[in-house]
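File shown here: input.csv, holding CSV, C-alpha atoms and all ligand atoms.
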```csv
chain,number,residue,atom,x,y,z
A,7,MET,CA,25.0,-2.7,19.6
A,8,GLU,CA,24.9,-0.4,16.6
A,9,LYS,CA,21.5,0.9,15.9
A,10,GLY,CA,19.5,-1.2,13.4
A,11,VAL,CA,18.9,-0.4,9.8
A,12,TYR,CA,15.2,-0.4,9.0
A,13,LEU,CA,14.5,-0.9,5.3
A,14,ASP,CA,10.9,-2.2,5.6
A,15,HIS,CA,8.9,1.0,5.3
A,16,ALA,CA,6.4,-0.6,2.9
A,17,ALA,CA,5.4,-2.9,5.8
A,18,THR,CA,5.1,0.0,8.3
A,19,THR,CA,6.8,3.2,9.3
A,20,PRO,CA,7.8,4.6,12.7
A,21,PRO,CA,5.4,7.4,13.7
A,22,ARG,CA,7.2,10.7,13.4
A,23,PRO,CA,7.5,13.1,16.4
A,24,GLU,CA,5.2,15.7,15.0
A,25,VAL,CA,2.5,13.0,14.6
A,26,LEU,CA,3.1,11.5,18.0
A,27,GLU,CA,2.7,15.0,19.5
A,28,VAL,CA,-0.7,15.4,17.9
A,29,LEU,CA,-1.7,11.9,18.9
A,30,GLU,CA,-0.8,12.3,22.6
A,31,GLU,CA,-2.3,15.8,22.8
A,32,THR,CA,-5.6,14.8,21.2
A,33,LEU,CA,-6.0,11.5,23.1
A,34,SER,CA,-5.6,13.3,26.5
A,35,ALA,CA,-7.1,16.8,25.8
A,36,THR,CA,-9.8,15.9,23.3
A,37,PHE,CA,-11.2,12.8,24.8
A,38,GLY,CA,-14.9,13.7,24.3
A,39,ASN,CA,-17.2,11.6,22.2
A,40,ALA,CA,-17.7,13.5,18.9
A,41,SER,CA,-21.4,12.6,19.0
A,42,SER,CA,-22.0,14.3,22.4
A,43,ILE,CA,-23.8,17.6,22.4
A,44,HIS,CA,-21.8,19.2,25.3
A,45,SER,CA,-18.6,21.2,24.9
A,46,PHE,CA,-16.3,18.1,25.4
A,47,GLY,CA,-18.1,16.4,22.5
A,48,GLN,CA,-18.1,19.5,20.3
A,49,GLU,CA,-14.4,20.0,20.8
A,50,ALA,CA,-13.8,16.4,19.6
A,51,LYS,CA,-16.2,17.0,16.7
A,52,ARG,CA,-14.2,20.1,15.8
A,53,VAL,CA,-10.9,18.2,15.7
A,54,LEU,CA,-12.6,15.4,13.7
A,55,GLU,CA,-13.9,17.8,11.0
A,56,GLU,CA,-10.6,19.7,10.9
A,57,SER,CA,-8.8,16.5,10.3
A,58,ARG,CA,-11.3,15.6,7.6
A,59,GLU,CA,-10.6,18.9,5.8
A,60,LYS,CA,-6.8,18.2,6.0
A,61,ALA,CA,-7.2,14.6,4.7
A,62,ALA,CA,-9.5,15.8,1.8
A,63,ALA,CA,-7.1,18.6,0.9
A,64,ALA,CA,-4.2,16.1,0.6
A,65,ILE,CA,-6.0,14.2,-2.2
A,66,GLY,CA,-8.0,17.0,-3.9
A,67,ALA,CA,-11.3,15.8,-2.4
A,68,GLU,CA,-14.2,17.5,-0.6
A,69,PRO,CA,-14.2,17.0,3.2
A,70,GLY,CA,-17.6,15.3,2.9
A,71,GLU,CA,-16.1,12.6,0.7
A,72,VAL,CA,-13.6,11.3,3.3
A,73,ILE,CA,-14.7,8.4,5.5
A,74,PHE,CA,-12.3,7.6,8.4
A,75,THR,CA,-11.8,3.8,9.0
A,76,GLY,CA,-9.7,1.4,11.0
A,77,GLY,CA,-6.9,1.3,8.4
A,78,GLY,CA,-6.2,0.2,4.8
A,79,THR,CA,-7.6,-3.3,5.1
A,80,GLU,CA,-10.9,-1.9,6.3
A,81,SER,CA,-11.0,0.8,3.7
A,82,ASP,CA,-10.5,-1.9,1.0
A,83,ASN,CA,-13.2,-4.1,2.5
A,84,LEU,CA,-15.7,-1.2,2.7
A,85,ALA,CA,-15.0,-0.2,-0.9
A,86,VAL,CA,-15.0,-3.6,-2.5
A,87,ARG,CA,-17.7,-5.4,-0.5
A,88,GLY,CA,-19.7,-2.2,0.1
A,89,ALA,CA,-19.9,-1.4,-3.6
A,90,ALA,CA,-20.5,-5.0,-4.6
A,91,TYR,CA,-23.5,-5.3,-2.3
A,92,ALA,CA,-24.8,-1.9,-3.1
A,93,LEU,CA,-24.8,-2.6,-6.8
A,94,ARG,CA,-25.9,-6.2,-6.6
A,95,ASP,CA,-29.2,-5.6,-8.4
A,96,ARG,CA,-27.3,-4.2,-11.3
A,97,GLY,CA,-24.8,-7.0,-11.7
A,98,ASN,CA,-22.5,-9.5,-10.0
A,99,HIS,CA,-19.3,-9.1,-11.8
A,100,LEU,CA,-16.1,-7.4,-10.4
A,101,ILE,CA,-12.8,-6.8,-12.1
A,102,THR,CA,-9.5,-6.6,-10.2
A,103,THR,CA,-5.8,-7.6,-10.8
A,104,ALA,CA,-3.8,-10.6,-9.8
A,105,ILE,CA,-1.3,-8.4,-7.9
A,106,GLU,CA,-3.6,-6.7,-5.3
A,107,HIS,CA,-3.0,-6.7,-1.6
A,108,PRO,CA,-4.7,-9.5,0.3
A,109,ALA,CA,-7.1,-7.0,1.6
A,110,VAL,CA,-8.7,-6.8,-1.9
A,111,LEU,CA,-7.9,-10.3,-3.1
A,112,ASN,CA,-9.4,-12.0,-0.1
A,113,CYS,CA,-12.5,-9.8,-0.2
A,114,CYS,CA,-13.0,-10.9,-3.8
A,115,ALA,CA,-12.5,-14.5,-2.9
A,116,ALA,CA,-15.1,-14.2,-0.1
A,117,LEU,CA,-17.5,-12.5,-2.6
A,118,GLU,CA,-16.9,-15.3,-5.1
A,119,GLU,CA,-18.2,-17.7,-2.4
A,120,GLU,CA,-21.3,-15.6,-2.2
A,121,GLY,CA,-22.0,-15.9,-5.9
A,122,PHE,CA,-20.2,-12.9,-7.3
A,123,GLN,CA,-17.9,-13.4,-10.3
A,124,VAL,CA,-14.5,-11.9,-10.3
A,125,THR,CA,-12.0,-11.4,-13.1
A,126,TYR,CA,-8.3,-11.2,-12.0
A,127,LEU,CA,-6.4,-9.3,-14.7
A,128,PRO,CA,-2.8,-10.3,-15.4
A,129,VAL,CA,0.2,-7.9,-15.4
A,130,ASP,CA,3.3,-7.7,-17.5
A,131,ARG,CA,6.9,-8.5,-16.6
A,132,GLU,CA,7.2,-5.0,-15.1
A,133,CYS,CA,4.1,-5.6,-12.8
A,134,ARG,CA,2.0,-3.2,-14.9
A,135,LEU,CA,-1.6,-3.7,-16.0
A,136,GLU,CA,-2.4,-3.0,-19.6
A,137,PRO,CA,-5.5,-0.7,-19.6
A,138,ALA,CA,-6.9,-2.5,-22.7
A,139,ARG,CA,-7.3,-5.6,-20.6
A,140,VAL,CA,-9.8,-3.7,-18.5
A,141,VAL,CA,-11.9,-2.8,-21.6
A,142,GLU,CA,-11.9,-6.5,-22.7
A,143,ALA,CA,-13.0,-7.7,-19.3
A,144,ILE,CA,-16.0,-5.4,-18.8
A,145,ARG,CA,-19.4,-7.1,-19.2
A,146,PRO,CA,-22.9,-5.7,-19.0
A,147,GLU,CA,-23.1,-7.0,-15.4
A,148,THR,CA,-19.8,-5.5,-14.3
A,149,THR,CA,-20.3,-3.1,-11.4
A,150,LEU,CA,-16.9,-2.5,-9.9
A,151,ILE,CA,-13.2,-2.2,-11.0
A,152,SER,CA,-10.6,-2.3,-8.3
A,153,VAL,CA,-7.0,-1.6,-9.3
A,154,MET,CA,-4.2,-0.7,-6.8
A,155,PHE,CA,-2.4,2.6,-7.4
A,156,ALA,CA,1.1,1.3,-6.6
A,157,ASN,CA,2.2,-2.3,-5.8
A,158,ASN,CA,3.5,-2.9,-2.3
A,159,GLU,CA,6.1,-5.4,-3.4
A,160,THR,CA,7.6,-3.9,-6.5
A,161,GLY,CA,6.5,-0.2,-6.3
A,162,THR,CA,5.1,-0.3,-9.9
A,163,ILE,CA,2.5,2.4,-10.5
A,164,GLN,CA,-0.6,1.4,-12.4
A,165,PRO,CA,-2.2,3.4,-15.1
A,166,ILE,CA,-5.0,4.6,-12.8
A,167,ALA,CA,-6.1,7.7,-14.8
A,168,GLU,CA,-6.5,5.5,-17.9
A,169,VAL,CA,-8.5,2.9,-16.0
A,170,GLY,CA,-10.5,5.7,-14.4
A,171,GLU,CA,-11.4,7.0,-17.9
A,172,ILE,CA,-12.5,3.6,-19.0
A,173,ALA,CA,-14.6,3.1,-15.9
A,174,ARG,CA,-16.3,6.4,-16.3
A,175,ARG,CA,-17.0,5.8,-20.0
A,176,LYS,CA,-18.6,2.4,-19.2
A,177,GLY,CA,-20.4,3.6,-16.1
A,178,VAL,CA,-18.6,1.2,-13.8
A,179,ALA,CA,-17.6,2.2,-10.2
A,180,PHE,CA,-13.8,2.4,-9.7
A,181,HIS,CA,-11.8,1.8,-6.6
A,182,SER,CA,-8.1,2.1,-6.1
A,183,ASP,CA,-6.0,0.9,-3.1
A,184,ALA,CA,-3.6,3.8,-2.8
A,185,VAL,CA,-2.2,2.8,0.6
A,186,GLN,CA,1.4,2.7,-0.8
A,187,ALA,CA,1.0,5.7,-3.1
A,188,VAL,CA,-0.4,8.4,-0.9
A,189,GLY,CA,2.3,10.5,0.5
A,190,LYS,CA,4.9,9.1,-1.9
A,191,VAL,CA,3.6,10.4,-5.2
A,192,PRO,CA,1.0,13.2,-5.9
A,193,VAL,CA,-2.6,11.8,-5.7
A,194,ASP,CA,-5.5,13.8,-7.0
A,195,VAL,CA,-8.8,11.9,-7.0
A,196,ASN,CA,-10.3,14.1,-9.7
A,197,ALA,CA,-7.3,13.8,-12.1
A,198,LEU,CA,-7.4,10.0,-11.5
A,199,GLY,CA,-11.2,9.6,-12.0
A,200,VAL,CA,-11.5,7.2,-9.0
A,201,ASP,CA,-14.8,6.8,-7.2
A,202,MET,CA,-13.1,5.4,-4.1
A,203,LEU,CA,-9.5,5.4,-2.8
A,204,SER,CA,-8.0,3.6,0.2
A,205,MET,CA,-5.4,5.2,2.5
A,206,SER,CA,-3.7,4.0,5.7
A,207,ALA,CA,-1.9,6.1,8.4
A,208,HIS,CA,0.9,3.7,9.4
A,209,LYS,CA,2.4,3.6,6.0
A,210,ILE,CA,3.1,7.4,6.2
A,211,TYR,CA,4.5,7.8,9.7
A,212,GLY,CA,1.1,7.8,11.4
A,213,PRO,CA,-0.3,5.4,13.9
A,214,LYS,CA,-1.6,1.9,13.1
A,215,GLY,CA,-5.3,1.1,13.0
A,216,VAL,CA,-6.5,4.2,11.3
A,217,GLY,CA,-7.1,5.1,7.7
A,218,ALA,CA,-9.6,6.5,5.3
A,219,LEU,CA,-11.7,5.7,2.3
A,220,TYR,CA,-12.3,8.5,-0.2
A,221,VAL,CA,-15.9,8.1,-1.5
A,222,ARG,CA,-16.9,10.3,-4.4
A,223,ARG,CA,-20.3,12.0,-3.8
A,224,GLY,CA,-23.0,9.9,-5.3
A,225,THR,CA,-21.1,6.6,-5.2
A,226,ALA,CA,-23.4,3.6,-4.2
A,227,LEU,CA,-22.0,2.1,-1.1
A,228,ARG,CA,-23.4,-0.1,1.7
A,229,PRO,CA,-21.7,-0.3,5.1
A,230,ILE,CA,-20.1,-3.6,6.1
A,231,VAL,CA,-20.4,-2.9,9.8
A,232,TYR,CA,-23.7,-1.7,11.5
A,233,GLY,CA,-24.2,0.7,14.4
A,234,GLY,CA,-24.7,4.4,14.9
A,235,HIS,CA,-24.8,7.2,12.3
A,236,HIS,CA,-21.1,8.0,12.3
A,237,GLU,CA,-19.2,8.8,9.1
A,238,HIS,CA,-22.2,9.2,6.8
A,239,ASN,CA,-23.7,5.9,8.1
A,240,LEU,CA,-20.8,4.1,6.4
A,241,ARG,CA,-18.5,3.4,9.3
A,242,PRO,CA,-20.3,3.3,12.6
A,243,GLY,CA,-18.5,3.4,15.9
A,244,THR,CA,-17.2,6.2,18.2
A,245,GLU,CA,-14.5,7.9,16.1
A,246,ASN,CA,-10.8,7.4,16.9
A,247,VAL,CA,-10.3,11.2,17.1
A,248,GLY,CA,-6.7,10.9,18.4
A,249,GLY,CA,-5.7,8.5,15.6
A,250,ILE,CA,-7.6,10.5,13.0
A,251,ALA,CA,-6.0,13.8,14.0
A,252,ALA,CA,-2.5,12.1,13.9
A,253,PHE,CA,-3.3,10.6,10.5
A,254,ALA,CA,-4.4,13.9,9.1
A,255,ARG,CA,-1.2,15.5,10.4
A,256,ALA,CA,0.9,12.7,8.9
A,257,LEU,CA,-0.8,13.2,5.5
A,258,GLU,CA,-0.4,16.9,5.6
A,259,LEU,CA,3.3,16.6,6.3
A,260,ALA,CA,3.8,13.9,3.7
A,261,VAL,CA,2.2,16.1,1.0
A,262,GLU,CA,4.1,19.2,2.1
A,263,GLU,CA,7.5,17.4,2.0
A,264,LEU,CA,6.8,15.4,-1.1
A,265,PRO,CA,9.4,16.9,-3.5
A,266,GLY,CA,12.4,16.7,-1.1
A,267,ALA,CA,11.4,13.3,0.2
A,268,THR,CA,11.1,11.8,-3.3
A,269,GLU,CA,14.6,13.0,-4.2
A,270,HIS,CA,16.1,11.5,-1.0
A,271,LEU,CA,14.3,8.2,-1.4
A,272,GLU,CA,15.2,7.9,-5.1
A,273,LEU,CA,18.9,8.5,-4.3
A,274,LEU,CA,19.0,5.8,-1.7
A,275,LYS,CA,17.1,3.3,-3.9
A,276,GLU,CA,19.4,3.9,-6.9
A,277,LYS,CA,22.5,3.8,-4.8
A,278,LEU,CA,21.5,0.4,-3.4
A,279,ALA,CA,20.4,-1.0,-6.7
A,280,SER,CA,23.6,0.0,-8.5
A,281,GLY,CA,25.7,-1.1,-5.6
A,282,ILE,CA,24.2,-4.5,-5.5
A,283,SER,CA,24.5,-4.9,-9.3
A,284,GLU,CA,28.2,-4.0,-9.1
A,285,ARG,CA,29.0,-6.3,-6.2
A,286,ILE,CA,26.9,-9.3,-6.8
A,287,GLU,CA,26.7,-11.4,-10.0
A,288,ARG,CA,23.4,-12.6,-11.5
A,289,VAL,CA,21.0,-10.3,-9.8
A,290,SER,CA,17.9,-8.8,-11.4
A,291,ARG,CA,15.5,-6.1,-10.6
A,292,ASN,CA,11.8,-6.6,-10.4
A,293,GLY,CA,9.5,-3.8,-11.3
A,294,ARG,CA,9.5,-0.9,-13.6
A,295,ASP,CA,12.0,1.8,-14.3
A,296,GLY,CA,9.7,4.8,-14.7
A,297,ASP,CA,6.3,4.9,-13.1
A,298,CYS,CA,7.3,3.4,-9.8
A,299,LEU,CA,7.4,4.5,-6.2
A,300,PRO,CA,10.6,6.2,-5.1
A,301,ASN,CA,11.0,4.0,-2.0
A,302,ILE,CA,10.6,0.4,-3.1
A,303,LEU,CA,13.4,-1.8,-4.6
A,304,ASN,CA,12.7,-5.5,-5.3
A,305,MET,CA,15.6,-7.7,-6.5
A,306,SER,CA,16.2,-11.4,-7.1
A,307,PHE,CA,19.3,-13.2,-6.1
A,308,PRO,CA,19.0,-16.6,-7.9
A,309,GLY,CA,20.6,-19.5,-6.1
A,310,THR,CA,19.6,-18.2,-2.7
A,311,ASP,CA,16.4,-18.2,-0.6
A,312,GLY,CA,14.8,-14.8,0.3
A,313,GLU,CA,13.9,-15.9,3.7
A,314,ALA,CA,17.5,-17.0,4.4
A,315,LEU,CA,18.8,-13.7,3.1
A,316,LEU,CA,16.3,-11.9,5.3
A,317,LEU,CA,17.3,-13.8,8.4
A,318,ASN,CA,21.0,-13.4,7.8
A,319,LEU,CA,20.6,-9.6,7.3
A,320,ASP,CA,18.5,-9.5,10.4
A,321,LEU,CA,21.4,-11.0,12.4
A,322,LEU,CA,23.4,-7.9,11.4
A,323,GLY,CA,20.6,-5.6,12.4
A,324,ILE,CA,19.3,-4.9,8.8
A,325,ALA,CA,15.5,-5.3,8.4
A,326,VAL,CA,14.1,-6.1,4.9
A,327,SER,CA,11.2,-8.1,3.6
A,328,THR,CA,10.7,-11.0,1.2
A,329,GLY,CA,7.5,-9.7,-0.2
A,330,SER,CA,4.3,-8.5,1.4
A,331,ALA,CA,4.5,-8.8,5.2
A,332,CYS,CA,1.1,-10.4,5.2
A,333,SER,CA,2.3,-13.4,3.2
A,334,SER,CA,5.6,-13.9,5.0
A,335,GLY,CA,5.4,-16.6,7.6
A,336,ALA,CA,4.0,-18.8,4.9
A,337,THR,CA,6.8,-19.9,2.6
A,338,GLU,CA,4.9,-19.6,-0.6
A,339,PRO,CA,6.4,-17.5,-3.3
A,340,SER,CA,5.0,-14.0,-3.7
A,341,HIS,CA,1.7,-13.9,-5.8
A,342,VAL,CA,2.9,-10.6,-7.2
A,343,LEU,CA,6.2,-11.9,-8.6
A,344,LEU,CA,4.5,-15.0,-9.9
A,345,ALA,CA,1.9,-12.9,-11.7
A,346,MET,CA,4.9,-11.0,-13.3
A,347,GLY,CA,6.0,-14.3,-14.8
A,348,LEU,CA,8.9,-15.1,-12.4
A,349,GLU,CA,9.7,-18.8,-11.9
A,350,PRO,CA,8.7,-19.9,-8.4
A,351,LEU,CA,12.4,-20.4,-7.4
A,352,MET,CA,13.3,-17.0,-8.7
A,353,ALA,CA,10.4,-15.4,-6.8
A,354,GLN,CA,11.5,-17.2,-3.6
A,355,ALA,CA,15.0,-15.7,-4.1
A,356,SER,CA,13.8,-12.1,-3.9
A,357,LEU,CA,14.1,-9.3,-1.4
A,358,ARG,CA,12.2,-6.1,-1.0
A,359,PHE,CA,14.0,-3.1,0.3
A,360,SER,CA,11.8,-0.1,1.2
A,361,PHE,CA,13.3,3.2,2.3
A,362,GLY,CA,12.1,5.9,4.6
A,363,ARG,CA,12.8,9.4,5.7
A,364,ASP,CA,15.2,8.4,8.4
A,365,ASN,CA,17.4,6.2,6.1
A,366,THR,CA,20.9,7.5,5.2
A,367,VAL,CA,23.6,6.7,2.7
A,368,GLU,CA,25.4,5.1,5.6
A,369,HIS,CA,22.6,2.6,5.9
A,370,ILE,CA,22.9,1.7,2.2
A,371,ASP,CA,26.7,1.2,2.7
A,372,ARG,CA,26.0,-1.2,5.6
A,373,VAL,CA,23.8,-3.3,3.3
A,374,LEU,CA,26.3,-3.2,0.5
A,375,GLN,CA,29.0,-4.4,3.0
A,376,ALA,CA,26.9,-7.3,4.3
A,377,LEU,CA,24.9,-8.6,1.4
A,378,PRO,CA,27.6,-9.9,-1.1
A,379,ASP,CA,29.1,-12.3,1.5
A,380,ILE,CA,25.6,-13.6,2.5
A,381,VAL,CA,24.6,-14.2,-1.1
A,382,ASN,CA,27.8,-15.9,-1.9
A,383,ARG,CA,27.6,-18.1,1.2
A,384,LEU,CA,24.1,-19.2,0.4
A,385,ARG,CA,24.9,-19.8,-3.2
A,386,LYS,CA,27.8,-22.1,-2.1
A,387,VAL,CA,25.5,-24.0,0.2
A,388,GLY,CA,22.9,-24.3,-2.6
A,389,ASP,CA,25.6,-25.6,-5.0
A,390,SER,CA,26.9,-28.2,-2.6
A,391,ARG,CA,23.4,-29.4,-2.0
A,392,ALA,CA,22.8,-29.8,-5.7
A,393,PHE,CA,25.8,-32.1,-6.0
A,394,ARG,CA,24.9,-34.4,-3.2
A,401,LIG,C1,-0.4,-2.1,4.1
A,401,LIG,C2,-1.3,-2.2,2.9
A,401,LIG,C3,-2.7,-2.4,3.1
A,401,LIG,C4,-3.3,-2.7,4.5
A,401,LIG,O1,-3.3,-1.5,5.3
A,401,LIG,P1,-3.5,-1.7,6.9
A,401,LIG,O2,-3.7,-0.3,7.4
A,401,LIG,O3,-2.2,-2.3,7.4
A,401,LIG,O4,-4.7,-2.5,7.1
A,401,LIG,C5,-3.5,-2.4,2.0
A,401,LIG,N1,-3.1,-2.3,0.8
A,401,LIG,C6,-1.7,-2.0,0.6
A,401,LIG,C7,-1.3,-1.8,-0.8
A,401,LIG,C8,-0.9,-2.0,1.6
A,401,LIG,O5,0.4,-1.8,1.4
```
For this file, write the structure as structure tokens.
Ligand SMILES: *Cc1c(COP(=O)(O)O)cnc(C)c1O
Amino acid sequence: MEKGVYLDHAATTPPRPEVLEVLEETLSATFGNASSIHSFGQEAKRVLEESREKAAAAIGAEPGEVIFTGGGTESDNLAVRGAAYALRDRGNHLITTAIEHPAVLNCCAALEEEGFQVTYLPVDRECRLEPARVVEAIRPETTLISVMFANNETGTIQPIAEVGEIARRKGVAFHSDAVQAVGKVPVDVNALGVDMLSMSAHKIYGPKGVGALYVRRGTALRPIVYGGHHEHNLRPGTENVGGIAAFARALELAVEELPGATEHLELLKEKLASGISERIERVSRNGRDGDCLPNILNMSFPGTDGEALLLNLDLLGIAVSTGSACSSGATEPSHVLLAMGLEPLMAQASLRFSFGRDNTVEHIDRVLQALPDIVNRLRKVGDSRAFR
């Protein structure tokens, strides 16, 4: 069988060889507990702190501001719940957007059950938040704003620096889920004015189950898990030194290779988008032209069903997504596309293609060869059903 075409890099990426090398090497040679005083422990501690320096450098932070976690979801939880609890005596109101990842949305839902109030800001047709909405939503009791850097379904980049400026002016803590953005676009925590920023290794060719939360010095935060004194008392538990070293290497490489990678990804994305528009009637693109990630393309194929498209492509060895991986399995339309104002049927008829460093022009050609027939076949089935 021909090798498959993987176009779902927003869901996860294959670990790259340089990263696997660091992972294996660290897991076996640097197995000590970083809290131990003997030389085995000190060696692990050294690798841990070196990794922290690398991760901090990748986002313009100080090493002491990087807290390693068990991934993006945990980073989001630590930021949102940790800040909400830490600032509870100052207020119980949080602001976020309707298009966040479930890691933030479901945190907020849980906090609402505990008596917090949450405002979910809308986005426009291009999936972008208007910063003025944030200003309008701020109340005296607002303690935290959480706005994702780039959306995982459409790739739309949010006006983070503007929101950061508003948050700073109003004295409200500001968190951004940058899991999709880090390694794809330049991220500088000081230019953005964020107090907290979430990252995850497996979206940038690192291992799963490891990530980090940037926490600006002086940010009020409570841990959400209790134990030892690791990670500034914010994330207890023996450090995953192998995973952390691999994550730091993945970050370092992503930032180093950013300009060339961006060009490669943009080329693939635009080739697929224009190829689809030329070959298939009545398609539309979801997202924003400028201010978007180079690697995510979301399109609607009205008269079809996204899941049927996905399964048909999968039979031909082409892997895509219908939205966020976390909500597939359930057949509900994407909350992101709905928030952008798409009709439910249109949202259900959408696919996300997300490109990676190993994708080639040949991969795009294979999709362009396969997709028109699949769409036409599904549209015919849909039409004949409508006439029954
Ligand atoms: C993947 C993703 C997460 C979750 O990260 P995990 O490391 O898989 O827990 C959070 N936010 C966004 C935007 C993501 O794309």
A:Ala184: which residues within 7 Å, counting only C-alpha atoms, same-chain residues fewer than 6 positions away excluded, as a PDB file with C-alpha atoms, in the coordinates of the input?
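And here is the file that came out, result-v1.pdb:
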```pdb
ATOM      1  CA  MET A 154      -4.200  -0.700  -6.800  1.00  0.00           C
ATOM      2  CA  PHE A 155      -2.400   2.600  -7.400  1.00  0.00           C
ATOM      3  CA  ALA A 156       1.100   1.300  -6.600  1.00  0.00           C
ATOM      4  CA  LEU A 203      -9.500   5.400  -2.800  1.00  0.00           C
ATOM      5  CA  SER A 204      -8.000   3.600   0.200  1.00  0.00           C
ATOM      6  CA  MET A 205      -5.400   5.200   2.500  1.00  0.00           C
TER       7      MET A 205
END
```
Report task. For ligand LIG 401 (chain A), list the contacting residues at 9 Å or closer, counting only C-alpha atoms and all ligand atoms, as a PyMOL selection string. Result -> chain A and resi 16-18+76-82+106-110+154-159+183-187+204-209+214-217+330-332
Query raised in the report: Skipping near chain neighbours, those fewer than 4 positions away, what residues fall within 9 Å of stretch 232-241 of chain A using only C-alpha atoms, listed as a list in words?
Result: Ser41, Gly70, Val72, Ile73, Phe74, Thr75, Leu84, Gly88, Leu227, Arg228 and Glu245 of chain A
Query raised in the report: Residues at most 12 Å from A:Pro20, counting all atoms listed in the file, excluding those fewer than 5 positions away in the same chain, as a list in words?
Result: Tyr12, Leu13, Asp14, His15, Val25, Leu26, Ala207, His208, Lys209, Ile210, Tyr211, Gly212, Pro213, Lys214, Ala256, Phe361, Gly362, Arg363, Asp364 and Asn365 of chain A
Pull C-alpha atoms from the residues just selected and write them as an mmCIF file, in the coordinates of the input.
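Below is the file part_8.cif, written as the result:
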```cif
data_model
loop_
_atom_site.group_PDB
_atom_site.id
_atom_site.type_symbol
_atom_site.label_atom_id
_atom_site.label_comp_id
_atom_site.auth_asym_id
_atom_site.auth_seq_id
_atom_site.Cartn_x
_atom_site.Cartn_y
_atom_site.Cartn_z
ATOM 1 C CA TYR A 12 15.200 -0.400 9.000
ATOM 2 C CA LEU A 13 14.500 -0.900 5.300
ATOM 3 C CA ASP A 14 10.900 -2.200 5.600
ATOM 4 C CA HIS A 15 8.900 1.000 5.300
ATOM 5 C CA VAL A 25 2.500 13.000 14.600
ATOM 6 C CA LEU A 26 3.100 11.500 18.000
ATOM 7 C CA ALA A 207 -1.900 6.100 8.400
ATOM 8 C CA HIS A 208 0.900 3.700 9.400
ATOM 9 C CA LYS A 209 2.400 3.600 6.000
ATOM 10 C CA ILE A 210 3.100 7.400 6.200
ATOM 11 C CA TYR A 211 4.500 7.800 9.700
ATOM 12 C CA GLY A 212 1.100 7.800 11.400
ATOM 13 C CA PRO A 213 -0.300 5.400 13.900
ATOM 14 C CA LYS A 214 -1.600 1.900 13.100
ATOM 15 C CA ALA A 256 0.900 12.700 8.900
ATOM 16 C CA PHE A 361 13.300 3.200 2.300
ATOM 17 C CA GLY A 362 12.100 5.900 4.600
ATOM 18 C CA ARG A 363 12.800 9.400 5.700
ATOM 19 C CA ASP A 364 15.200 8.400 8.400
ATOM 20 C CA ASN A 365 17.400 6.200 6.100
#
```
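The space separating atom CA of A:Cys133 from atom CA of A:Met346 comes to 5.5 Å.
Minimum atom-to-atom distance to A:Lys386, evaluated using all atoms listed in the file, belongs to A:Thr310 out of A:Thr310, A:Thr244, A:Gly199, A:Ser340.
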Requested in this report: Compile the contact shell of A:Gln354 as a PyMOL selection string: residues with an atom at most 6 Å away, counting only C-alpha atoms, same-chain residues fewer than 4 positions apart removed.
Outcome: chain A and resi 311-312+339
